[in-house]
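Visitor: One structure coming up, written as structure tokens, with questions to follow.
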Amino acid sequence: MLSIAAVVSATLVVGSASAAFPKITYMRPLGVVRGEESTITLYGSSLGDATQVLTDLPGLEILEVKPVDEKSVTVKLKANETLAPGLYPIRLVTKSGVTDLRLLGVGAMPIVNEVEPNNSFEEPQTIEMDRTIEGNVDREDVDCFKVHLEAGQKLTVEIEGIRLVQELRNRNIFDPAIAILNSDRFEVAVSDDSPLLQQDSLCSFTPEEAGEYTIVVRESSFLGASNVCGYRLHVGSYPRPVTVIPSGGVNGEVLQAKLIDVDGTVTDSSVQLPSEPVAQWPVTHQDDRGISPSPNWIRVSDAPIVTEVEPNEGQSQASPGQFPALLCGVIEEGDGYDWYSFECKKGDRVRVQLHARKTLRSPLDGVIHVFGPDGKTLKGSDDIGPNPDGLVDFDAAVDGAHFVRVYDHLRRGSPNHNYVIELSRREPSLGLTLKELRRDEAMVVPVPVGGHGAMVLTAQRNQFNEQFDAFVEGLPEGVTAQTFPMPAGRVEIPIVLHATKEAKLGGAFFEVGAVGKIGDREIRGDFNQHHKVVLGQNRREMFGYETEKAALAVCEAMPFSVEVVQPKTPILRRGSKDLVVRIKRDEGFEGNVSFRTLYNPPGIGVNNSKRIDKGQNEVVIPITANGSAAIGTWPMIMQVSYGTNRGTATMSTSPIMLEVEEPVFDFAFPKAAAEQGAETILAVGMTKRRDIEGDIEVRLVGIPNGVTCEEPQKKVELGSEAVQFELKVAADAKPGTHKTMVVQTLITRDGETMIQTDGTGEIRIDKPLPVKTDPPAEKKAEAKPKPKPAAKPLSRLEQLRKQKESK
């Protein structure tokens, strides 16, 4: 169902321009009329071998799939006459894969195509009421449609625009805006975004006088593009509820609801709810004026419903609730608060979750707070990441009445500001989905005839950290699945699908699940796959879609067989190993074959740049394990890419099981030192960590330039306590401290070598000290006569006396 948006491993990325998997760019027409046979044309790339259309929901019968060329396919189909109007996902299957899902509109009114020129108020296209117009907005384009209304005749206009686009690169996004103008060219109703339809528009007008009215359609920023900015404009007097009160119900029951129309009128309705709880259930309304062109949404639970009782503005007026329950209400005044009370026992693990904007498409920007029996705030919440609705988890500290309060963050209110507050017990749970292997594209699995396809199952754990087992059900004949246990604490594990040589080409949906235990309690995992449909700036999701099944396509066989040779020995922590991959080419296939891992076991690194070139049939792929690589046995699968006449195809190998074990030794490096031109011994200490079978050698690598070792690899025993290496330092070796030396432990068994690498050792290279020599004898300096002392200067009185004596 619809939504608004909501590990480092090797990810295969193939450019869409050269990829063999099929792509749909746009379709025409964008929708069909229920009860009628229709033909649509899908436009895109790599479509020339299309064979089938998959439909996620019942009600669409595919009558014929006919490729026209590589860029287009015609599809003849029929929508069931009782099918609820709305958007229905379809996927095209070819001999090389499955496209992303696209949404096909299904309506109840006749379809009229836009006819240009209609881009001015003076030259509108005249249409009848109760019609669906299909058109396209080009850049700076405005489409005008004229209808005649009698006095009191309601006109409702709803557009499907952004919901019919698929754009993951922030290009050609159609964000529509609509307006209704009277004959004097004044706007009587206008809509850009709408809470119910998000970035699609909805407005309504009922005239007091008969006359001609013009509906104007444009892109909100006056952008647009040929072919890809198409829309379906529903024009008529049909009912268009925007709110269902109450907004939640109990599964299996008939909900007595009030439907609030876009024009404010209120209608009583009985809604049969599904037999099982549903997070988002569609409600479609029909009367003698027609049927709403898209559904409203409510929450269906197995918990009882509690509706607010006014007044409940304060804690003392709180509407009495219960735990667990769905608390249903409306914030009618902008400054209003709604309060509820519910009894908890000490130790109860409680989740308080608001459903408004995301689930119900309500205009409420809700904020919730939870209070204890003493009236003190326990916790509050506004938004939770991309989810615009709040969530509070708490553990009750005491018995007694607890309280929850809700209000609008923007301090707005109306009869349409509806909400559901779900009170539930926090229980262990497990959510499952498939990891994207092409960025922003939901995973579909191509499985070649006689070969393998693979996917990565990811888990969202909630209070459940134990091991669990995945399972796959509903596979087509000739296709089998190989699953692996998900170890405790891990969040991803591969699943491998295999198609026999007798398997028929075609697509299919299948179910993915999981089961684990906490003690004697069974925990089952629920699968949900999110499809990004429109991404805007900074890859922000503007529109998305949820499905409950995964999809596969049995494809044409690969032009070669491939084998990843199963290692006979484990890889050690702090170690490395070579994986050998071999292919056997079919006659005539000489292309390159590239390899990347589907995912990496925890702590394992892989060289993903290796390939087998023309004329070769084998490649060695180095892998490493860091010091914290997860101990155990892990499946490893390679993604295999090769060229076809339609581009690059990507399939998978069968799995090998990689064992990861602890290191065998710990090493202690002394600090070695030597002068240029000298020799030294590097004695590396060894400590055995565990026993292992095989011949053991230790090799010194990373020796700095200018330093040599005549025997860098030596045999050792498990009980050895040290290994010594004789090092010679050249006279011109670079002086300084060199921290480059490591030792590799090589353990040979069954024709394979396990390698453990440890470091880092250092050697300091010094310049030799200069040779000491006797200093030359010092010459005695000839005695110099002592200078006569300078005459003492005479005072003025002495100078006068001396002058008198000389007369």
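Labeling convention for the structure tokens: chains A, B, ... as they appear, residues from 1 per chain, ligands from 1 in order of appearance.
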Pick out the residues sitting within 12 Å of Lys504 of chain A, and hand them over as an MDAnalysis selection string; count only C-alpha atoms, and ignore anything fewer than 2 positions along from it in its own chain.
Guide: chainID A and resid 51 95 447:450 476:479 499:502 506:508 553:557
Visitor: Mind checking which residues fall within 10 Å of segment 601-614 of chain A, counting only C-alpha atoms, ignoring those fewer than 4 positions away in the same chain, and posting them as a PyMOL selection string?
Guide: chain A and resi 7-12+490+492-494+571+573-579+581-583+589-597+618-636+638-642+658+660
Visitor: I need the residues in segment 476-525 of chain A that are strand (DSSP E or B) according to DSSP; give them as an MDAnalysis selection string.
Guide: chainID A and resid 479:482 485:486 492:499 506:518 521:525
Visitor: Could you save the residues just selected, with N, CA, C and O atoms, as a compact mmCIF listing (two decimals), in the first residue's frame?
Guide:
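This went into out_5.txt:
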# COMPACT_ATOMS: atom_id res chain seq x y z
N VAL A 479 11.93 -23.95 -9.68
CA VAL A 479 12.78 -23.02 -8.95
C VAL A 479 12.80 -23.43 -7.47
O VAL A 479 11.74 -23.65 -6.88
N THR A 480 13.98 -23.55 -6.91
CA THR A 480 14.13 -23.90 -5.50
C THR A 480 14.97 -22.84 -4.80
O THR A 480 15.70 -22.08 -5.45
N ALA A 481 14.87 -22.80 -3.48
CA ALA A 481 15.59 -21.80 -2.69
C ALA A 481 16.53 -22.49 -1.71
O ALA A 481 16.19 -23.54 -1.14
N GLN A 482 17.70 -21.91 -1.53
CA GLN A 482 18.64 -22.35 -0.50
C GLN A 482 18.80 -21.21 0.49
O GLN A 482 19.24 -20.12 0.15
N PRO A 485 20.84 -20.06 8.08
CA PRO A 485 20.45 -19.46 9.36
C PRO A 485 21.05 -18.06 9.51
O PRO A 485 22.18 -17.82 9.11
N MET A 486 20.26 -17.15 10.07
CA MET A 486 20.76 -15.81 10.40
C MET A 486 21.31 -15.88 11.82
O MET A 486 20.55 -16.06 12.78
N GLU A 492 21.94 -9.42 8.16
CA GLU A 492 21.79 -9.76 6.76
C GLU A 492 22.39 -11.12 6.46
O GLU A 492 23.38 -11.54 7.08
N ILE A 493 21.75 -11.81 5.51
CA ILE A 493 22.17 -13.14 5.10
C ILE A 493 21.64 -13.37 3.68
O ILE A 493 20.57 -12.87 3.33
N PRO A 494 22.38 -14.09 2.82
CA PRO A 494 21.88 -14.29 1.46
C PRO A 494 20.86 -15.42 1.36
O PRO A 494 20.79 -16.31 2.22
N ILE A 495 20.06 -15.36 0.30
CA ILE A 495 19.19 -16.46 -0.12
C ILE A 495 19.49 -16.71 -1.58
O ILE A 495 19.56 -15.76 -2.38
N VAL A 496 19.69 -17.96 -1.96
CA VAL A 496 20.05 -18.32 -3.32
C VAL A 496 18.91 -19.10 -3.96
O VAL A 496 18.38 -20.04 -3.36
N LEU A 497 18.51 -18.69 -5.15
CA LEU A 497 17.48 -19.37 -5.92
C LEU A 497 18.14 -20.12 -7.08
O LEU A 497 19.08 -19.61 -7.70
N HIS A 498 17.63 -21.30 -7.38
CA HIS A 498 18.16 -22.11 -8.48
C HIS A 498 17.03 -22.52 -9.40
O HIS A 498 15.96 -22.96 -8.93
N ALA A 499 17.23 -22.35 -10.71
CA ALA A 499 16.25 -22.78 -11.71
C ALA A 499 16.82 -23.97 -12.48
O ALA A 499 17.96 -23.91 -12.96
N GLY A 506 9.76 -16.80 -17.27
CA GLY A 506 8.62 -16.06 -16.77
C GLY A 506 8.87 -15.50 -15.39
O GLY A 506 9.86 -15.83 -14.73
N GLY A 507 7.95 -14.63 -14.95
CA GLY A 507 8.07 -14.00 -13.65
C GLY A 507 7.08 -14.56 -12.66
O GLY A 507 6.09 -15.20 -13.01
N ALA A 508 7.33 -14.30 -11.39
CA ALA A 508 6.44 -14.79 -10.33
C ALA A 508 6.71 -14.00 -9.06
O ALA A 508 7.80 -13.47 -8.85
N PHE A 509 5.69 -13.93 -8.21
CA PHE A 509 5.85 -13.43 -6.86
C PHE A 509 6.09 -14.60 -5.92
O PHE A 509 5.64 -15.72 -6.17
N PHE A 510 6.80 -14.34 -4.84
CA PHE A 510 7.01 -15.37 -3.83
C PHE A 510 7.07 -14.72 -2.46
O PHE A 510 7.27 -13.51 -2.34
N GLU A 511 6.86 -15.53 -1.44
CA GLU A 511 6.82 -15.04 -0.07
C GLU A 511 8.12 -15.36 0.64
O GLU A 511 8.72 -16.42 0.43
N VAL A 512 8.53 -14.44 1.48
CA VAL A 512 9.74 -14.60 2.29
C VAL A 512 9.34 -14.45 3.75
O VAL A 512 8.57 -13.54 4.11
N GLY A 513 9.82 -15.33 4.59
CA GLY A 513 9.51 -15.26 6.01
C GLY A 513 10.67 -15.77 6.83
O GLY A 513 11.72 -16.16 6.31
N ALA A 514 10.49 -15.77 8.13
CA ALA A 514 11.53 -16.26 9.04
C ALA A 514 10.87 -16.69 10.33
O ALA A 514 9.79 -16.22 10.68
N VAL A 515 11.54 -17.58 11.04
CA VAL A 515 11.03 -18.05 12.32
C VAL A 515 12.22 -18.26 13.26
O VAL A 515 13.27 -18.77 12.87
N GLY A 516 12.05 -17.79 14.47
CA GLY A 516 13.07 -17.97 15.51
C GLY A 516 12.39 -18.15 16.85
O GLY A 516 11.15 -18.17 16.95
N LYS A 517 13.19 -18.28 17.90
CA LYS A 517 12.63 -18.53 19.23
C LYS A 517 13.35 -17.71 20.28
O LYS A 517 14.56 -17.47 20.20
N ILE A 518 12.57 -17.27 21.26
CA ILE A 518 13.11 -16.77 22.53
C ILE A 518 12.59 -17.74 23.59
O ILE A 518 11.41 -17.73 23.94
N ARG A 521 9.16 -19.49 23.11
CA ARG A 521 8.25 -18.63 22.35
C ARG A 521 8.73 -18.47 20.92
O ARG A 521 9.89 -18.12 20.67
N GLU A 522 7.84 -18.68 19.96
CA GLU A 522 8.18 -18.56 18.54
C GLU A 522 7.99 -17.13 18.07
O GLU A 522 6.98 -16.49 18.35
N ILE A 523 8.97 -16.62 17.34
CA ILE A 523 8.92 -15.29 16.74
C ILE A 523 8.96 -15.46 15.23
O ILE A 523 9.87 -16.08 14.69
N ARG A 524 7.96 -14.90 14.56
CA ARG A 524 7.90 -15.00 13.10
C ARG A 524 8.18 -13.64 12.48
O ARG A 524 7.74 -12.60 12.98
N GLY A 525 8.92 -13.66 11.39
CA GLY A 525 9.27 -12.43 10.70
C GLY A 525 8.30 -12.11 9.59
O GLY A 525 7.86 -12.99 8.85
Visitor: Please identify every residue of segment 117-146 of chain A that has at least one atom no farther than 12 Å from an atom of segment 156-174 of chain A, counting only C-alpha atoms, and for each give the shortest atom pair and the distance in Å to one decimal, arranged by chain then increasing number, as CSV.
Guide:
residue,atom,partner,partner_atom,distance
A:Met129,CA,A:Thr156,CA,9.8
A:Asp130,CA,A:Thr156,CA,9.4
A:Arg131,CA,A:Val157,CA,10.2
A:Thr132,CA,A:Ile159,CA,9.3
A:Ile133,CA,A:Ile159,CA,9.3
A:Glu134,CA,A:Glu160,CA,9.7
A:Gly135,CA,A:Gly161,CA,10.0
A:Asn136,CA,A:Gly161,CA,9.5
A:Val137,CA,A:Phe174,CA,8.2
A:Asp138,CA,A:Asn172,CA,9.8
A:Arg139,CA,A:Asn172,CA,9.5
A:Glu140,CA,A:Phe174,CA,12.0
A:Asp141,CA,A:Phe174,CA,11.9
A:Phe145,CA,A:Val157,CA,11.3
Visitor: Export N, CA, C and O atoms of the chosen residues as a CSV table (one decimal), in the first residue's frame?
Guide:
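New file part-v6.csv:
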chain,number,residue,atom,x,y,z
A,129,MET,N,-18.9,16.7,-17.7
A,129,MET,CA,-18.7,16.3,-16.4
A,129,MET,C,-18.6,14.8,-16.3
A,129,MET,O,-19.0,14.0,-17.2
A,130,ASP,N,-18.0,14.3,-15.1
A,130,ASP,CA,-17.8,12.9,-14.8
A,130,ASP,C,-17.0,12.3,-15.9
A,130,ASP,O,-17.4,11.3,-16.5
A,131,ARG,N,-15.8,12.8,-16.1
A,131,ARG,CA,-14.8,12.3,-17.0
A,131,ARG,C,-13.5,12.3,-16.4
A,131,ARG,O,-13.2,13.1,-15.4
A,132,THR,N,-12.6,11.4,-16.9
A,132,THR,CA,-11.2,11.4,-16.5
A,132,THR,C,-10.4,11.9,-17.7
A,132,THR,O,-10.5,11.3,-18.8
A,133,ILE,N,-9.7,13.0,-17.6
A,133,ILE,CA,-8.9,13.5,-18.7
A,133,ILE,C,-7.4,13.1,-18.5
A,133,ILE,O,-6.8,13.2,-17.4
A,134,GLU,N,-6.9,12.5,-19.6
A,134,GLU,CA,-5.5,12.2,-19.6
A,134,GLU,C,-4.7,13.2,-20.4
A,134,GLU,O,-5.1,13.5,-21.6
A,135,GLY,N,-3.7,13.8,-19.8
A,135,GLY,CA,-2.9,14.8,-20.5
A,135,GLY,C,-1.5,14.8,-20.1
A,135,GLY,O,-1.0,13.9,-19.3
A,136,ASN,N,-0.7,15.7,-20.6
A,136,ASN,CA,0.7,15.9,-20.3
A,136,ASN,C,1.0,17.3,-20.2
A,136,ASN,O,0.6,18.2,-21.0
A,137,VAL,N,1.9,17.7,-19.2
A,137,VAL,CA,2.3,19.1,-19.1
A,137,VAL,C,3.7,19.2,-19.6
A,137,VAL,O,4.6,18.6,-19.0
A,138,ASP,N,3.9,20.0,-20.6
A,138,ASP,CA,5.3,20.3,-21.1
A,138,ASP,C,5.8,21.5,-20.3
A,138,ASP,O,5.1,22.1,-19.5
A,139,ARG,N,7.1,21.8,-20.6
A,139,ARG,CA,7.7,22.9,-19.8
A,139,ARG,C,6.9,24.2,-20.1
A,139,ARG,O,6.6,24.6,-21.2
A,140,GLU,N,6.6,24.9,-19.0
A,140,GLU,CA,5.8,26.2,-19.0
A,140,GLU,C,4.5,26.0,-19.7
A,140,GLU,O,3.9,27.0,-20.2
A,141,ASP,N,3.9,24.8,-19.6
A,141,ASP,CA,2.6,24.5,-20.2
A,141,ASP,C,1.5,24.7,-19.2
A,141,ASP,O,1.7,24.5,-18.0
A,145,PHE,N,-9.4,23.4,-19.2
A,145,PHE,CA,-10.6,22.6,-19.6
A,145,PHE,C,-11.8,23.4,-19.1
A,145,PHE,O,-11.9,23.8,-17.9
Visitor: Between atom CA of Arg425 of chain A and atom CA of Asp338 of chain A, what is the distance in Å, rounded to a tenth?
Guide: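 Separating atom CA of Arg425 of chain A from atom CA of Asp338 of chain A is a distance of 21.9 Å.
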Visitor: Counting only C-alpha atoms, what is within 9 Å of Pro176 of chain A, bar same-chain residues fewer than 3 positions away, as a short mmCIF file (atom, residue, chain, number, x, y, z; two decimals) with N, CA, C and O atoms, in the first residue's frame?
Guide:
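Contents of selection-v2.cif, freshly written:
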data_model
loop_
_atom_site.label_atom_id
_atom_site.label_comp_id
_atom_site.auth_asym_id
_atom_site.auth_seq_id
_atom_site.Cartn_x
_atom_site.Cartn_y
_atom_site.Cartn_z
N ILE A 159 -6.39 15.24 -9.12
CA ILE A 159 -5.39 14.93 -10.14
C ILE A 159 -4.42 13.87 -9.62
O ILE A 159 -4.03 13.88 -8.45
N GLU A 160 -4.10 12.94 -10.48
CA GLU A 160 -3.01 12.00 -10.24
C GLU A 160 -1.84 12.48 -11.08
O GLU A 160 -1.87 12.41 -12.31
N GLY A 161 -0.82 12.99 -10.42
CA GLY A 161 0.34 13.53 -11.13
C GLY A 161 1.62 12.89 -10.65
O GLY A 161 2.18 12.00 -11.30
N ILE A 162 2.07 13.30 -9.45
CA ILE A 162 3.31 12.74 -8.94
C ILE A 162 3.18 11.25 -8.67
O ILE A 162 4.16 10.51 -8.71
N SER A 191 -5.73 24.50 -5.52
CA SER A 191 -5.04 23.48 -4.72
C SER A 191 -3.68 23.21 -5.32
O SER A 191 -3.54 23.04 -6.54
N ASP A 192 -2.68 23.20 -4.46
CA ASP A 192 -1.35 22.73 -4.85
C ASP A 192 -1.16 21.35 -4.25
O ASP A 192 -1.41 20.33 -4.88
N ASP A 193 -0.77 21.28 -2.98
CA ASP A 193 -0.70 20.00 -2.27
C ASP A 193 -1.99 19.79 -1.50
O ASP A 193 -2.78 20.71 -1.29
N GLN A 199 1.41 15.50 -2.57
CA GLN A 199 1.79 16.52 -3.54
C GLN A 199 0.90 16.51 -4.78
O GLN A 199 1.16 17.25 -5.73
N ASP A 200 -0.11 15.69 -4.78
CA ASP A 200 -1.16 15.81 -5.80
C ASP A 200 -2.27 16.70 -5.25
O ASP A 200 -2.42 16.87 -4.04
N SER A 201 -3.08 17.25 -6.17
CA SER A 201 -4.01 18.33 -5.82
C SER A 201 -5.46 17.84 -5.79
O SER A 201 -5.83 16.89 -6.50
N VAL A 217 -4.68 23.35 -15.19
CA VAL A 217 -3.69 22.38 -14.70
C VAL A 217 -2.31 22.85 -15.12
O VAL A 217 -2.09 23.22 -16.29
N ARG A 218 -1.38 22.86 -14.19
CA ARG A 218 0.00 23.22 -14.49
C ARG A 218 0.94 22.53 -13.52
O ARG A 218 0.50 21.96 -12.51
N GLU A 219 2.22 22.59 -13.81
CA GLU A 219 3.24 22.16 -12.85
C GLU A 219 3.47 23.31 -11.90
O GLU A 219 3.51 24.47 -12.30
N SER A 220 3.60 23.02 -10.60
CA SER A 220 3.61 24.09 -9.60
C SER A 220 4.74 25.09 -9.82
O SER A 220 4.61 26.26 -9.43
N SER A 221 5.86 24.67 -10.43
CA SER A 221 6.97 25.57 -10.71
C SER A 221 7.08 25.89 -12.20
O SER A 221 8.13 26.35 -12.66
N TYR A 231 -0.65 13.08 -16.59
CA TYR A 231 -1.55 13.16 -15.45
C TYR A 231 -2.91 12.58 -15.84
O TYR A 231 -3.25 12.41 -17.01
#
Visitor: Can you pull out the residues contacting segment 409-414 of chain A? Cut-off 10 Å, using only C-alpha atoms, and skip same-chain residues under 2 positions away; I want them as number ranges by chain.
Guide: A: 330-337, 363-368, 382, 406-407, 416-418
Visitor: Please provide as a PDB file with N, CA, C and O atoms, in the first residue's frame all residues within 7 Å of Ile765 of chain A, with the sequence filter that same-chain residues fewer than 6 positions apart are discarded (counting only C-alpha atoms).
Guide:
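Final output, saved to selection16.pdb:
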ATOM      1  N   ALA A 673      67.999  -3.414  16.186  1.00  0.00           N
ATOM      2  CA  ALA A 673      68.825  -2.266  15.822  1.00  0.00           C
ATOM      3  C   ALA A 673      70.141  -2.778  15.256  1.00  0.00           C
ATOM      4  O   ALA A 673      70.671  -3.820  15.679  1.00  0.00           O
ATOM      5  N   ALA A 674      70.683  -2.075  14.257  1.00  0.00           N
ATOM      6  CA  ALA A 674      71.975  -2.428  13.658  1.00  0.00           C
ATOM      7  C   ALA A 674      72.521  -1.207  12.953  1.00  0.00           C
ATOM      8  O   ALA A 674      71.776  -0.308  12.538  1.00  0.00           O
ATOM      9  N   GLU A 675      73.859  -1.202  12.811  1.00  0.00           N
ATOM     10  CA  GLU A 675      74.484  -0.119  12.079  1.00  0.00           C
ATOM     11  C   GLU A 675      74.571  -0.470  10.607  1.00  0.00           C
ATOM     12  O   GLU A 675      74.480  -1.639  10.217  1.00  0.00           O
ATOM     13  N   GLN A 676      74.698   0.533   9.776  1.00  0.00           N
ATOM     14  CA  GLN A 676      74.925   0.305   8.362  1.00  0.00           C
ATOM     15  C   GLN A 676      76.154  -0.583   8.192  1.00  0.00           C
ATOM     16  O   GLN A 676      77.174  -0.399   8.835  1.00  0.00           O
ATOM     17  N   PRO A 735      69.274   5.216   6.972  1.00  0.00           N
ATOM     18  CA  PRO A 735      69.201   5.206   8.442  1.00  0.00           C
ATOM     19  C   PRO A 735      67.826   5.662   8.920  1.00  0.00           C
ATOM     20  O   PRO A 735      67.086   6.340   8.219  1.00  0.00           O
ATOM     21  N   GLY A 736      67.496   5.257  10.136  1.00  0.00           N
ATOM     22  CA  GLY A 736      66.212   5.616  10.731  1.00  0.00           C
ATOM     23  C   GLY A 736      65.483   4.386  11.233  1.00  0.00           C
ATOM     24  O   GLY A 736      65.981   3.258  11.172  1.00  0.00           O
ATOM     25  N   THR A 737      64.277   4.600  11.764  1.00  0.00           N
ATOM     26  CA  THR A 737      63.452   3.506  12.284  1.00  0.00           C
ATOM     27  C   THR A 737      62.454   3.090  11.220  1.00  0.00           C
ATOM     28  O   THR A 737      61.680   3.917  10.733  1.00  0.00           O
TER      29      THR A 737
END
Visitor: Could you state the separation of atom CA of Phe468 of chain A and atom CA of Val456 of chain A in Å, given to one decimal place?
Guide: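 One can read the atom CA of Phe468 of chain A to atom CA of Val456 of chain A distance as 15.0 Å.
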Visitor: I need the residue nearest Ser46 of chain A from this list: A:Leu149, A:Ile215, A:Ala19, A:Ala454. Use only C-alpha atoms for the distance.
Guide: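 When distances to Ser46 of chain A are compared using only C-alpha atoms, the smallest one comes from A:Ala19.
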Visitor: For atom CA of Arg349 of chain A and atom CA of Phe394 of chain A, quote the distance in Å rounded to one decimal.
Guide: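 Separating atom CA of Arg349 of chain A from atom CA of Phe394 of chain A is a distance of 6.1 Å.
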